[in-house]
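Below: entry_25.cif (mmCIF, C-alpha atoms)
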data_protein
#
loop_
_atom_site.label_atom_id
_atom_site.label_comp_id
_atom_site.auth_asym_id
_atom_site.auth_seq_id
_atom_site.Cartn_x
_atom_site.Cartn_y
_atom_site.Cartn_z
CA MET A 1 106.32 151.83 26.00
CA LYS A 2 108.04 150.38 29.05
CA GLU A 3 110.95 152.36 30.42
CA GLY A 4 113.65 151.22 32.77
CA ALA A 5 112.78 147.52 32.60
CA LEU A 6 116.19 145.91 33.17
CA GLU A 7 115.13 142.37 33.97
CA THR A 8 112.55 139.93 32.74
CA ALA A 9 110.26 138.08 35.14
CA GLU A 10 111.46 134.60 36.12
CA TRP A 11 108.46 132.98 34.41
CA GLN A 12 109.09 134.59 31.00
CA GLN A 13 109.91 132.09 28.26
CA GLN A 14 110.64 134.80 25.72
CA PRO A 15 111.71 138.44 25.86
CA CYS A 16 108.97 141.03 25.54
CA PRO A 17 108.11 142.00 21.97
CA ALA A 18 109.00 145.62 21.20
CA TRP A 19 105.29 146.55 21.37
CA CYS A 20 104.67 145.10 24.87
CA THR A 21 103.81 147.80 27.43
CA VAL A 22 103.20 145.51 30.43
CA GLU A 23 105.49 145.70 33.46
CA HIS A 24 105.95 142.02 34.32
CA THR A 25 106.84 140.80 37.82
CA ASP A 26 107.88 137.43 39.19
CA HIS A 27 104.55 137.32 41.06
CA ASP A 28 102.23 137.77 38.06
CA HIS A 29 99.27 135.39 38.16
CA PRO A 30 99.64 132.61 35.52
CA ASP A 31 96.60 133.99 33.65
CA ASP A 32 98.34 137.38 33.38
CA ARG A 33 101.59 136.08 31.90
CA SER A 34 101.17 137.66 28.53
CA HIS A 35 102.45 140.48 26.38
CA ARG A 36 100.04 143.29 25.53
CA ASP A 37 100.19 146.77 24.16
CA ASP A 38 98.12 149.76 25.33
CA GLY A 39 95.90 149.59 22.27
CA VAL A 40 95.22 152.34 19.80
CA PRO A 41 91.87 154.13 20.02
CA VAL A 42 90.24 154.91 16.68
CA PRO A 43 87.39 157.46 16.85
CA ILE A 44 84.25 156.05 15.27
CA VAL A 45 80.59 156.94 14.85
CA MET A 46 78.37 153.94 15.35
CA ARG A 47 74.69 153.16 15.39
CA THR A 48 73.02 151.47 18.33
CA ARG A 49 69.54 150.00 18.35
CA THR A 50 67.19 149.65 21.27
CA VAL A 51 63.53 148.89 21.66
CA VAL A 52 61.48 151.89 22.80
CA ASP A 53 57.75 151.44 23.37
CA GLY A 54 57.81 148.19 21.41
CA ARG A 55 59.53 149.76 18.38
CA MET A 56 63.14 149.65 17.21
CA ALA A 57 64.93 152.98 17.76
CA ASP A 58 68.29 153.86 16.18
CA GLN A 59 70.76 156.21 17.80
CA THR A 60 74.09 157.48 16.45
CA VAL A 61 76.86 157.73 19.04
CA GLU A 62 80.55 158.56 19.05
CA ALA A 63 82.88 155.93 20.49
CA SER A 64 86.39 154.54 20.23
CA LEU A 65 87.30 151.29 18.57
CA VAL A 66 90.39 150.19 20.49
CA THR A 67 92.74 147.96 18.53
CA GLY A 68 95.66 146.17 20.13
CA ARG A 69 97.91 143.11 20.31
CA TRP A 70 98.04 140.27 22.80
CA GLN A 71 100.31 137.23 23.05
CA ARG A 72 100.58 134.66 25.83
CA ASP A 73 104.19 134.27 26.91
CA GLY A 74 105.80 131.35 25.11
CA ASP A 75 103.13 131.13 22.40
CA ARG A 76 103.78 131.91 18.75
CA GLU A 77 100.21 133.03 18.04
CA LEU A 78 99.61 136.78 18.09
CA TRP A 79 96.04 137.88 18.82
CA TRP A 80 94.51 141.16 17.68
CA SER A 81 91.93 142.75 19.92
CA LEU A 82 89.10 144.95 18.66
CA GLY A 83 87.00 146.51 21.40
CA ILE A 84 84.50 149.30 21.88
CA ASP A 85 85.49 151.72 24.67
CA GLY A 86 86.61 148.89 26.99
CA ASP A 87 83.25 147.13 26.62
CA ALA A 88 82.76 144.26 24.19
CA SER A 89 85.87 142.95 22.51
CA LEU A 90 86.82 140.44 19.89
CA GLU A 91 90.20 138.70 19.63
CA VAL A 92 91.23 137.34 16.24
CA THR A 93 94.32 135.78 14.69
CA THR A 94 96.58 137.70 12.33
CA GLU A 95 95.21 135.70 9.38
CA SER A 96 91.63 136.47 10.41
CA LEU A 97 92.39 140.17 10.79
CA ALA A 98 93.99 140.23 7.34
CA ARG A 99 90.81 138.67 5.84
CA VAL A 100 88.60 141.22 7.61
CA ILE A 101 90.76 144.11 6.39
CA GLU A 102 90.79 142.76 2.81
CA THR A 103 87.02 142.30 2.85
CA LEU A 104 86.40 145.78 4.27
CA GLN A 105 88.73 147.36 1.71
CA GLY A 106 86.78 145.64 -1.08
CA LEU A 107 83.43 146.72 0.30
CA LEU A 108 84.69 150.28 0.78
CA ALA A 109 86.01 150.39 -2.78
CA GLU A 110 82.63 149.18 -4.10
CA ALA A 111 80.77 151.76 -2.02
CA GLN A 112 83.02 154.58 -3.23
CA GLU A 113 82.37 153.61 -6.86
CA THR A 114 78.64 154.15 -6.35
CA LEU A 115 78.98 157.54 -4.64
#

C-alpha cells encoding of this file:
Amino acid sequence: MKEGALETAEWQQQPCPAWCTVEHTDHDHPDDRSHRDDGVPVPIVMRTRTVVDGRMADQTVEASLVTGRWQRDGDRELWWSLGIDGDASLEVTTESLARVIETLQGLLAEAQETL
C-alpha cells in the first residue's frame, strides 16, 4: 500500500482506488497512467509439456499464479490479471472473472463428488 502520498499527479482524472500501490508522478508516460496493485501470488503445482526426442514429455513444476487488479485512469472498467510468475498473463473483465470462478467451482464440486 502506498504511504505518504499527499498529492495526486496532475494527469489523474480520479483518485487512486484504495488497492492502488503505484506511486504516480506528473511525468508518468501516458501508457503508464493506470492504477495497479502488487498482485497476490497463489502457490500452484502445474504441468508443463515439451517434446523430447519426438515424444511428448510431461513435467510437474511449482509456480505462482499472480492475481491482481488494473484500471486505466479515468476508465470505469476494472481488469483482473492472472499471470504465471511474471511470464504469460491474461487480463479479463470482472464479469469474465466471475464466470471463470463460477465454472471452476462447479467443476471442482463435480470432481469432489466422484472422489

Exactly which residues make up the result of the PyMOL selection byres ((chain A and resi 97) around 12) on this file, given as a compact mmCIF listing (two decimals) with C-alpha atoms, in the frame of the given file?
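Writing the result to expr06.txt gives the following:
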# COMPACT_ATOMS: atom_id res chain seq x y z
CA THR A 67 92.74 147.96 18.53
CA GLY A 68 95.66 146.17 20.13
CA ARG A 69 97.91 143.11 20.31
CA LEU A 78 99.61 136.78 18.09
CA TRP A 79 96.04 137.88 18.82
CA TRP A 80 94.51 141.16 17.68
CA SER A 81 91.93 142.75 19.92
CA LEU A 82 89.10 144.95 18.66
CA LEU A 90 86.82 140.44 19.89
CA GLU A 91 90.20 138.70 19.63
CA VAL A 92 91.23 137.34 16.24
CA THR A 93 94.32 135.78 14.69
CA THR A 94 96.58 137.70 12.33
CA GLU A 95 95.21 135.70 9.38
CA SER A 96 91.63 136.47 10.41
CA ALA A 98 93.99 140.23 7.34
CA ARG A 99 90.81 138.67 5.84
CA VAL A 100 88.60 141.22 7.61
CA ILE A 101 90.76 144.11 6.39
CA GLU A 102 90.79 142.76 2.81
CA THR A 103 87.02 142.30 2.85
CA LEU A 104 86.40 145.78 4.27

Within 10 Å of region 45-48 of chain A using all atoms listed in the file, minus same-chain residues under 2 positions, as JSON, numbers by chain: {"A": [43, 50, 57, 58, 59, 60, 61, 62, 63, 64, 65]}

Residue selection dump (C-alpha atoms) as a compact mmCIF listing (two decimals), keeping the file's coordinate frame:
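Writing the result to again37.txt gives the following:
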# COMPACT_ATOMS: atom_id res chain seq x y z
CA PRO A 43 87.39 157.46 16.85
CA THR A 50 67.19 149.65 21.27
CA ALA A 57 64.93 152.98 17.76
CA ASP A 58 68.29 153.86 16.18
CA GLN A 59 70.76 156.21 17.80
CA THR A 60 74.09 157.48 16.45
CA VAL A 61 76.86 157.73 19.04
CA GLU A 62 80.55 158.56 19.05
CA ALA A 63 82.88 155.93 20.49
CA SER A 64 86.39 154.54 20.23
CA LEU A 65 87.30 151.29 18.57

Residues matched by the PyMOL selection byres ((chain A and resi 19) around 12) as a list in words: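 Checked against the file, the PyMOL selection byres ((chain A and resi 19) around 12) matches Met1, Lys2, Pro15, Cys16, Pro17, Ala18, Cys20, Thr21, Val22, His35, Arg36, Asp37, Asp38, Gly39, Val40, Gly68, Arg69, Trp70, Gln71 and Leu78 of chain A.
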
Residue subset to file, keeping C-alpha atoms, as a short mmCIF file (atom, residue, chain, number, x, y, z; two decimals), in the coordinates of the input:
data_model
loop_
_atom_site.label_atom_id
_atom_site.label_comp_id
_atom_site.auth_asym_id
_atom_site.auth_seq_id
_atom_site.Cartn_x
_atom_site.Cartn_y
_atom_site.Cartn_z
CA MET A 1 106.32 151.83 26.00
CA LYS A 2 108.04 150.38 29.05
CA PRO A 15 111.71 138.44 25.86
CA CYS A 16 108.97 141.03 25.54
CA PRO A 17 108.11 142.00 21.97
CA ALA A 18 109.00 145.62 21.20
CA CYS A 20 104.67 145.10 24.87
CA THR A 21 103.81 147.80 27.43
CA VAL A 22 103.20 145.51 30.43
CA HIS A 35 102.45 140.48 26.38
CA ARG A 36 100.04 143.29 25.53
CA ASP A 37 100.19 146.77 24.16
CA ASP A 38 98.12 149.76 25.33
CA GLY A 39 95.90 149.59 22.27
CA VAL A 40 95.22 152.34 19.80
CA GLY A 68 95.66 146.17 20.13
CA ARG A 69 97.91 143.11 20.31
CA TRP A 70 98.04 140.27 22.80
CA GLN A 71 100.31 137.23 23.05
CA LEU A 78 99.61 136.78 18.09
#

Between CA of His27 (chain A) and CA of Glu10 (chain A), distance in Å (one decimal): 8.9 Å

Two-atom distance - CA of Asp26 (chain A), CA of Val66 (chain A) (Å): 28.6 Å

Residue nearest His24 (chain A) among A:Glu110, A:Asp73, A:Asp53, A:Asp87 (counting all atoms listed in the file):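 Counting all atoms listed in the file, the residue closest to His24 (chain A) is A:Asp73.
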
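Our summary of the geometry notes that CA of Thr8 (chain A) is positioned 13.3 Å from CA of Gly74 (chain A).
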
Incomplete region 62-88 of chain A brought to N, CA and C atoms, written out as a PDB file, in the coordinates of the input:
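Result file follows (selection-v4.pdb):
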ATOM      1  N   GLU A  62      79.111 158.572  19.263  1.00  0.00           N
ATOM      2  CA  GLU A  62      80.550 158.560  19.050  1.00  0.00           C
ATOM      3  C   GLU A  62      81.175 157.611  20.059  1.00  0.00           C
ATOM      4  N   ALA A  63      82.199 156.896  19.624  1.00  0.00           N
ATOM      5  CA  ALA A  63      82.880 155.930  20.490  1.00  0.00           C
ATOM      6  C   ALA A  63      84.317 155.778  20.009  1.00  0.00           C
ATOM      7  N   SER A  64      85.039 154.898  20.661  1.00  0.00           N
ATOM      8  CA  SER A  64      86.390 154.540  20.230  1.00  0.00           C
ATOM      9  C   SER A  64      86.454 153.050  20.002  1.00  0.00           C
ATOM     10  N   LEU A  65      86.984 152.681  18.849  1.00  0.00           N
ATOM     11  CA  LEU A  65      87.300 151.290  18.570  1.00  0.00           C
ATOM     12  C   LEU A  65      88.764 151.133  18.964  1.00  0.00           C
ATOM     13  N   VAL A  66      89.018 150.356  20.002  1.00  0.00           N
ATOM     14  CA  VAL A  66      90.390 150.190  20.490  1.00  0.00           C
ATOM     15  C   VAL A  66      90.969 148.924  19.893  1.00  0.00           C
ATOM     16  N   THR A  67      92.078 149.091  19.165  1.00  0.00           N
ATOM     17  CA  THR A  67      92.740 147.960  18.530  1.00  0.00           C
ATOM     18  C   THR A  67      94.068 147.717  19.231  1.00  0.00           C
ATOM     19  N   GLY A  68      94.405 146.461  19.455  1.00  0.00           N
ATOM     20  CA  GLY A  68      95.660 146.170  20.130  1.00  0.00           C
ATOM     21  C   GLY A  68      96.119 144.745  19.893  1.00  0.00           C
ATOM     22  N   ARG A  69      97.286 144.444  20.465  1.00  0.00           N
ATOM     23  CA  ARG A  69      97.910 143.110  20.310  1.00  0.00           C
ATOM     24  C   ARG A  69      98.026 142.431  21.661  1.00  0.00           C
ATOM     25  N   TRP A  70      97.975 141.094  21.601  1.00  0.00           N
ATOM     26  CA  TRP A  70      98.040 140.270  22.800  1.00  0.00           C
ATOM     27  C   TRP A  70      98.707 138.958  22.444  1.00  0.00           C
ATOM     28  N   GLN A  71      99.631 138.509  23.291  1.00  0.00           N
ATOM     29  CA  GLN A  71     100.310 137.230  23.050  1.00  0.00           C
ATOM     30  C   GLN A  71     100.652 136.605  24.395  1.00  0.00           C
ATOM     31  N   ARG A  72     100.218 135.367  24.596  1.00  0.00           N
ATOM     32  CA  ARG A  72     100.580 134.660  25.830  1.00  0.00           C
ATOM     33  C   ARG A  72     102.065 134.349  25.772  1.00  0.00           C
ATOM     34  N   ASP A  73     102.757 134.522  26.869  1.00  0.00           N
ATOM     35  CA  ASP A  73     104.190 134.270  26.910  1.00  0.00           C
ATOM     36  C   ASP A  73     104.476 132.831  26.497  1.00  0.00           C
ATOM     37  N   GLY A  74     105.409 132.673  25.589  1.00  0.00           N
ATOM     38  CA  GLY A  74     105.800 131.350  25.110  1.00  0.00           C
ATOM     39  C   GLY A  74     105.031 130.874  23.893  1.00  0.00           C
ATOM     40  N   ASP A  75     103.909 131.517  23.572  1.00  0.00           N
ATOM     41  CA  ASP A  75     103.130 131.130  22.400  1.00  0.00           C
ATOM     42  C   ASP A  75     103.623 131.871  21.161  1.00  0.00           C
ATOM     43  N   ARG A  76     103.429 131.250  20.012  1.00  0.00           N
ATOM     44  CA  ARG A  76     103.780 131.910  18.750  1.00  0.00           C
ATOM     45  C   ARG A  76     102.629 132.759  18.232  1.00  0.00           C
ATOM     46  N   GLU A  77     101.402 132.360  18.581  1.00  0.00           N
ATOM     47  CA  GLU A  77     100.210 133.030  18.040  1.00  0.00           C
ATOM     48  C   GLU A  77     100.050 134.430  18.620  1.00  0.00           C
ATOM     49  N   LEU A  78      99.878 135.396  17.721  1.00  0.00           N
ATOM     50  CA  LEU A  78      99.610 136.780  18.090  1.00  0.00           C
ATOM     51  C   LEU A  78      98.127 137.023  17.891  1.00  0.00           C
ATOM     52  N   TRP A  79      97.471 137.591  18.890  1.00  0.00           N
ATOM     53  CA  TRP A  79      96.040 137.880  18.820  1.00  0.00           C
ATOM     54  C   TRP A  79      95.843 139.375  18.700  1.00  0.00           C
ATOM     55  N   TRP A  80      94.860 139.757  17.905  1.00  0.00           N
ATOM     56  CA  TRP A  80      94.510 141.160  17.680  1.00  0.00           C
ATOM     57  C   TRP A  80      93.165 141.412  18.341  1.00  0.00           C
ATOM     58  N   SER A  81      93.137 142.424  19.181  1.00  0.00           N
ATOM     59  CA  SER A  81      91.930 142.750  19.920  1.00  0.00           C
ATOM     60  C   SER A  81      91.244 143.961  19.295  1.00  0.00           C
ATOM     61  N   LEU A  82      89.939 143.855  19.140  1.00  0.00           N
ATOM     62  CA  LEU A  82      89.100 144.950  18.660  1.00  0.00           C
ATOM     63  C   LEU A  82      88.011 145.135  19.706  1.00  0.00           C
ATOM     64  N   GLY A  83      87.985 146.292  20.351  1.00  0.00           N
ATOM     65  CA  GLY A  83      87.000 146.510  21.400  1.00  0.00           C
ATOM     66  C   GLY A  83      86.391 147.897  21.326  1.00  0.00           C
ATOM     67  N   ILE A  84      85.198 148.028  21.852  1.00  0.00           N
ATOM     68  CA  ILE A  84      84.500 149.300  21.880  1.00  0.00           C
ATOM     69  C   ILE A  84      84.606 149.893  23.280  1.00  0.00           C
ATOM     70  N   ASP A  85      85.380 150.969  23.411  1.00  0.00           N
ATOM     71  CA  ASP A  85      85.490 151.720  24.670  1.00  0.00           C
ATOM     72  C   ASP A  85      85.604 150.812  25.911  1.00  0.00           C
ATOM     73  N   GLY A  86      86.412 149.772  25.837  1.00  0.00           N
ATOM     74  CA  GLY A  86      86.610 148.890  26.990  1.00  0.00           C
ATOM     75  C   GLY A  86      85.421 148.001  27.287  1.00  0.00           C
ATOM     76  N   ASP A  87      84.445 147.945  26.406  1.00  0.00           N
ATOM     77  CA  ASP A  87      83.250 147.130  26.620  1.00  0.00           C
ATOM     78  C   ASP A  87      83.432 145.790  25.923  1.00  0.00           C
ATOM     79  N   ALA A  88      82.664 145.519  24.914  1.00  0.00           N
ATOM     80  CA  ALA A  88      82.760 144.260  24.190  1.00  0.00           C
ATOM     81  C   ALA A  88      84.052 144.236  23.387  1.00  0.00           C
TER      82      ALA A  88
END
